[in-house]
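Next up, query.cif (mmCIF, C-alpha atoms and all ligand atoms):
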```cif
data_start
loop_
_atom_site.group_PDB
_atom_site.id
_atom_site.type_symbol
_atom_site.label_atom_id
_atom_site.label_comp_id
_atom_site.auth_asym_id
_atom_site.auth_seq_id
_atom_site.Cartn_x
_atom_site.Cartn_y
_atom_site.Cartn_z
ATOM 1 C CA MET W 29 0.000 0.000 0.000
ATOM 2 C CA VAL W 30 1.068 3.549 -0.689
ATOM 3 C CA VAL W 31 -0.448 6.828 0.458
ATOM 4 C CA ASP W 32 -2.351 9.200 -1.792
ATOM 5 C CA PRO W 33 -0.239 12.380 -1.464
ATOM 6 C CA VAL W 34 -3.293 14.646 -1.747
ATOM 7 C CA CYS W 35 -5.795 13.218 0.754
ATOM 8 C CA ARG W 36 -3.468 10.802 2.634
ATOM 9 C CA MET W 37 -5.699 7.794 2.038
ATOM 10 C CA PRO W 38 -3.983 4.420 1.649
ATOM 11 C CA VAL W 39 -4.066 3.237 -1.972
ATOM 12 C CA ASP W 40 -3.284 -0.253 -3.256
ATOM 13 C CA GLU W 41 -0.713 0.395 -5.973
ATOM 14 C CA GLN W 42 -1.567 -2.923 -7.659
ATOM 15 C CA LYS W 43 -5.158 -1.809 -8.204
ATOM 16 C CA SER W 44 -4.673 1.927 -8.461
ATOM 17 C CA ARG W 45 -6.294 3.341 -11.591
ATOM 18 C CA TRP W 46 -5.077 6.923 -11.226
ATOM 19 C CA THR W 47 -1.364 7.558 -11.288
ATOM 20 C CA SER W 48 0.988 10.385 -12.144
ATOM 21 C CA ARG W 49 4.699 10.259 -12.862
ATOM 22 C CA GLN W 50 6.906 13.029 -11.535
ATOM 23 C CA GLY W 51 10.530 12.549 -12.487
ATOM 24 C CA ASP W 52 11.404 8.954 -11.630
ATOM 25 C CA ARG W 53 8.568 8.479 -9.104
ATOM 26 C CA THR W 54 5.001 7.326 -9.661
ATOM 27 C CA TYR W 55 2.266 8.606 -7.368
ATOM 28 C CA HIS W 56 -1.036 6.818 -6.849
ATOM 29 C CA PHE W 57 -4.414 8.421 -6.167
ATOM 30 C CA CYS W 58 -7.746 7.258 -4.784
ATOM 31 C CA SER W 59 -9.756 9.162 -7.388
ATOM 32 C CA PRO W 60 -9.459 11.239 -10.562
ATOM 33 C CA GLY W 61 -10.166 14.313 -8.410
ATOM 34 C CA CYS W 62 -7.035 13.766 -6.310
ATOM 35 C CA LYS W 63 -4.958 13.168 -9.438
ATOM 36 C CA ARG W 64 -6.207 16.418 -10.934
ATOM 37 C CA ILE W 65 -5.462 18.394 -7.763
ATOM 38 C CA PHE W 66 -1.981 16.892 -7.639
ATOM 39 C CA GLU W 67 -1.186 17.706 -11.262
ATOM 40 C CA VAL W 68 -2.159 21.362 -10.847
ATOM 41 C CA LYS W 69 0.582 21.820 -8.244
ATOM 42 C CA PRO W 70 2.665 18.643 -7.810
ATOM 43 C CA GLU W 71 5.453 20.524 -6.006
ATOM 44 C CA ARG W 72 3.053 21.120 -3.121
ATOM 45 C CA TYR W 73 2.830 17.354 -2.486
ATOM 46 C CA VAL W 74 6.210 16.082 -3.643
ATOM 47 C CA LYS W 75 9.048 16.297 -1.150
HETATM 48 ZN ZN ZN W 101 -7.267 10.877 -2.641
#
```
Represent the structure contained in this file as structure tokens.
Amino acid sequence: MVVDPVCRMPVDEQKSRWTSRQGDRTYHFCSPGCKRIFEVKPERYVK
């Protein structure tokens, strides 16, 4: 399990349908809404 960087919900990366690549990392989201929020300002969520 990984954590959705936007809402902090645990997400199963095997089943995750919404992902975004930033550099060499892939982030997983619980919903298309979280993915969209992330992609507007990824630097807010990426450390
Ligand atoms: Zn989420």
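Taking all atoms listed in the file, the non-local environment of Cys62 in chain W within 9 Å (same-chain residues fewer than 2 positions away omitted) comprises Asp32, Pro33, Val34, Cys35, Trp46, Phe57, Cys58, Ser59, Pro60, Arg64, Ile65, Phe66 and Glu67 of chain W.
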The residue from W:Val31, W:Gln50, W:Gln42, W:Lys69 with the smallest atom-to-atom distance to ligand ZN 101 (chain W), counting all atoms listed in the file, is W:Val31
Taking every listed atom of range 42-60 of chain W and adding 4 Å to each side, what centre and edge lengths in Å (one decimal) does the axis-aligned box have, as AutoDock Vina command-line options?
```
--center_x 0.8 --center_y 5.1 --center_z -8.8 --size_x 29.2 --size_y 24.0 --size_z 16.1
```
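Atom pair CA of Lys43 in chain W / CA of Val30 in chain W has a distance of 11.1 Å (rounded to one decimal).
Look at Gly51 in chain W: the protein and nucleic acid residues within 12 Å of it, using all atoms listed in the file and passing over chain neighbours fewer than 3 places away, are Ser48, Thr54, Tyr55, Pro70, Glu71 and Val74 of chain W.
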CA of Lys75 in chain W to CA of Glu41 in chain W measures 19.3 Å
Min atom-atom distance to ligand ZN 101 (chain W) from the set W:Tyr73, W:Ser44, W:Met29, W:Met37, counting only C-alpha atoms and all ligand atoms, belongs to W:Met37
Shortest contact to ligand ZN 101 (chain W), candidates W:Asp40, W:Val68, W:Arg45, W:Lys63, atoms counted all atoms listed in the file, goes to W:Lys63
